[in-house]
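Enquirer: input.tsv (TSV, C-alpha atoms) pasted underneath:
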chain	number	residue	atom	x	y	z
P	1	GLN	CA	0.00	0.00	0.00
P	2	VAL	CA	1.51	3.30	-1.09
P	3	GLN	CA	0.83	6.45	0.86
P	4	LEU	CA	1.01	9.93	-0.60
P	5	VAL	CA	1.65	12.90	1.67
P	6	GLU	CA	1.33	16.49	0.49
P	7	SER	CA	3.12	19.46	2.02
P	8	GLY	CA	3.93	23.05	1.22
P	9	GLY	CA	0.52	24.66	1.43
P	10	GLY	CA	-0.13	27.89	3.26
P	11	LEU	CA	-1.32	31.46	3.08
P	12	VAL	CA	0.15	33.74	0.41
P	13	GLN	CA	-0.73	37.10	-1.08
P	14	ALA	CA	-1.93	37.39	-4.64
P	15	GLY	CA	1.02	37.38	-7.01
P	16	GLY	CA	3.07	35.22	-4.70
P	17	SER	CA	4.41	31.71	-5.09
P	18	LEU	CA	4.16	28.37	-3.33
P	19	ARG	CA	5.73	25.01	-4.01
P	20	LEU	CA	3.72	21.93	-3.15
P	21	SER	CA	5.37	18.57	-2.70
P	22	CYS	CA	3.90	15.08	-2.71
P	23	ALA	CA	6.03	12.38	-1.14
P	24	ALA	CA	5.29	8.70	-1.78
P	25	SER	CA	6.06	5.97	0.75
P	26	GLY	CA	7.28	3.76	-2.09
P	27	SER	CA	8.51	4.04	-5.63
P	28	ILE	CA	6.51	6.33	-7.90
P	29	LEU	CA	7.66	4.33	-10.91
P	30	ARG	CA	4.59	2.16	-10.32
P	31	PHE	CA	2.41	5.11	-11.33
P	32	ASN	CA	1.64	5.60	-15.00
P	33	ALA	CA	0.76	9.17	-14.19
P	34	MET	CA	0.72	11.49	-11.25
P	35	ALA	CA	-1.45	14.53	-10.88
P	36	TRP	CA	-2.47	17.44	-8.73
P	37	TYR	CA	-6.13	18.17	-8.16
P	38	ARG	CA	-7.80	20.91	-6.16
P	39	GLN	CA	-11.14	21.44	-4.51
P	40	ALA	CA	-12.49	24.82	-3.50
P	41	PRO	CA	-15.32	25.15	-0.97
P	42	GLY	CA	-18.64	24.26	-2.53
P	43	LYS	CA	-17.05	23.13	-5.78
P	44	GLN	CA	-16.14	19.81	-7.34
P	45	ARG	CA	-12.60	18.54	-7.31
P	46	GLU	CA	-10.82	19.51	-10.51
P	47	LEU	CA	-7.70	18.41	-12.29
P	48	VAL	CA	-4.90	20.97	-12.20
P	49	ALA	CA	-1.88	19.27	-13.76
P	50	THR	CA	-0.61	15.85	-14.75
P	51	VAL	CA	2.77	14.29	-15.46
P	52	THR	CA	3.21	10.87	-17.01
P	53	SER	CA	5.94	8.34	-16.31
P	54	GLY	CA	7.54	9.52	-19.55
P	55	GLY	CA	7.58	13.11	-18.36
P	56	SER	CA	4.76	14.50	-20.49
P	57	THR	CA	2.79	17.22	-18.77
P	58	ASN	CA	-0.63	18.75	-19.14
P	59	TYR	CA	-2.34	21.65	-17.39
P	60	LYS	CA	-5.72	23.14	-16.71
P	61	ASP	CA	-6.08	26.18	-18.96
P	62	SER	CA	-6.35	28.65	-16.10
P	63	VAL	CA	-3.00	27.61	-14.59
P	64	ARG	CA	-0.97	27.00	-17.73
P	65	GLY	CA	2.05	29.29	-17.75
P	66	ARG	CA	1.82	29.87	-13.99
P	67	PHE	CA	2.08	26.35	-12.57
P	68	THR	CA	4.71	23.71	-13.27
P	69	ILE	CA	4.43	20.03	-12.35
P	70	SER	CA	7.51	17.87	-12.04
P	71	ARG	CA	8.41	14.43	-10.76
P	72	ASP	CA	11.62	13.15	-9.22
P	73	ASN	CA	11.68	9.39	-9.57
P	74	ALA	CA	14.83	9.08	-7.47
P	75	LYS	CA	13.25	10.90	-4.53
P	76	ASN	CA	9.74	9.51	-5.12
P	77	THR	CA	8.24	12.97	-5.13
P	78	VAL	CA	6.03	15.10	-7.32
P	79	ALA	CA	6.04	18.85	-7.03
P	80	LEU	CA	3.76	21.65	-8.14
P	81	GLN	CA	5.43	25.03	-8.45
P	82	MET	CA	2.76	27.72	-8.34
P	83	ASN	CA	3.63	31.26	-9.39
P	84	SER	CA	1.54	34.41	-9.87
P	85	LEU	CA	-1.08	33.01	-7.54
P	86	LYS	CA	-4.60	34.39	-7.67
P	87	PRO	CA	-7.40	34.34	-5.07
P	88	GLU	CA	-9.28	31.89	-7.30
P	89	ASP	CA	-6.44	29.40	-6.79
P	90	THR	CA	-7.55	29.04	-3.17
P	91	ALA	CA	-8.41	25.38	-2.53
P	92	VAL	CA	-7.30	22.16	-0.93
P	93	TYR	CA	-4.73	20.61	-3.25
P	94	TYR	CA	-4.51	16.83	-3.58
P	95	CYS	CA	-1.89	14.58	-5.07
P	96	LYS	CA	-2.93	11.47	-7.00
P	97	GLY	CA	-0.99	8.53	-8.34
P	98	SER	CA	-2.56	6.28	-10.98
P	99	THR	CA	-1.40	2.74	-11.69
P	100	GLY	CA	-4.00	2.09	-14.35
P	101	TRP	CA	-5.95	-0.18	-12.04
P	102	TYR	CA	-6.10	1.94	-8.91
P	103	ASP	CA	-5.77	5.55	-7.86
P	104	TYR	CA	-3.95	6.60	-4.72
P	105	TRP	CA	-4.77	9.93	-3.09
P	106	GLY	CA	-3.07	12.06	-0.51
P	107	GLN	CA	-4.90	13.81	2.31
P	108	GLY	CA	-4.57	17.28	0.81
P	109	THR	CA	-2.90	20.55	1.70
P	110	GLN	CA	-4.64	23.91	2.00
P	111	VAL	CA	-3.61	26.80	-0.23
P	112	THR	CA	-5.10	30.19	0.53
P	113	VAL	CA	-4.41	33.21	-1.66
P	114	SER	CA	-5.40	36.57	-0.21
P	115	SER	CA	-6.27	39.55	-2.39
If you convert what's in this file into structure tokens, what do you get?
Expert:
Amino acid sequence: QVQLVESGGGLVQAGGSLRLSCAASGSILRFNAMAWYRQAPGKQRELVATVTSGGSTNYKDSVRGRFTISRDNAKNTVALQMNSLKPEDTAVYYCKGSTGWYDYWGQGTQVTVSS
């Protein structure tokens, strides 16, 4: 059983930056893809960014150019660098690892962007 633990959330002013990290208890090479999702109060969870085992990335339109997802297979971590943050980026951010048969989720980390 692999556990994913997010860290790096916090309170930041609009225009600021945060770097989220997701640490896996085992090798992330088992995951075909890893992703960051977010869920704002009263809204559905939405996909923010993905990175495949081959290193291909994809982003939600509203974060493209501001956020960067990366994975470090040696350290078993996935990061989300968030720049030029906006109040609408406020949400709980979740890490997900997909094996193709099963999805593993972290417990989430709160990101709050003040205006």
Enquirer: Write out as number ranges by chain which residues come within 12 Å of P:Phe67 when counting all atoms listed in the file, dropping same-chain ones fewer than 3 positions away.
Expert: P: 16-20, 36, 48-50, 57-64, 70, 79-86, 89
Enquirer: Would you mind reading off the distance between atom CA of P:Arg38 and atom CA of P:Ala74, one decimal, in Å?
Expert: 25.6 Å
Enquirer: To one decimal in Å, tell me the separation between atom CA of P:Leu47 and atom CA of P:Asn32.
Expert: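 The value is 16.1 Å.
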Enquirer: Point out the residue among P:Ala24, P:Ile69, P:Met34, P:Leu11 with the least atom-to-atom distance to P:Thr112, counting all atoms listed in the file.
Expert: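 Ranking P:Ala24, P:Ile69, P:Met34, P:Leu11 by distance to P:Thr112, first place goes to P:Leu11.
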Enquirer: In terms of the shortest atom-to-atom distance over all atoms listed in the file, which of P:Ala35, P:Val12, P:Gly55, P:Arg30 is closest to P:Trp105?
Expert: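 Closest to P:Trp105, using all atoms listed in the file: P:Ala35.
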Enquirer: If we count all atoms listed in the file and set the cut-off at 7 Å, which residues sit around P:Val92, ignoring sequence neighbours fewer than 3 positions away in its own chain? Please answer as a list of chain:residue names.
Expert: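 Close residues of P:Val92: P:Arg38, P:Gln39, P:Ala40, P:Gly108, P:Thr109, P:Gln110, P:Val111.
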Enquirer: Adding 4 Å on each side of the box along x, y and z that holds all listed atoms of stretch 78-90 of chain P, could you give its centre and edge lengths in Å to one decimal, as JSON?
Expert:
{"center_x": -1.6, "center_y": 24.8, "center_z": -6.5, "size_x": 23.3, "size_y": 27.3, "size_z": 14.7}
Enquirer: Tell me, in Å to one decimal, how far atom CA of P:Ser56 is from atom CA of P:Tyr93.
Expert: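 Interatomic distance here is 20.6 Å.
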Enquirer: May I ask which of the residues P:Ala33, P:Val78, P:Gln3, P:Gly26 is the closest one to P:Gly97, counting all atoms listed in the file?
Expert: P:Ala33
Enquirer: From the list P:Asn73, P:Tyr37, P:Ser27, P:Gly15, which residue is nearest P:Gln107 when using all atoms listed in the file?
Expert: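 For P:Gln107, the nearest of the candidates is P:Tyr37.
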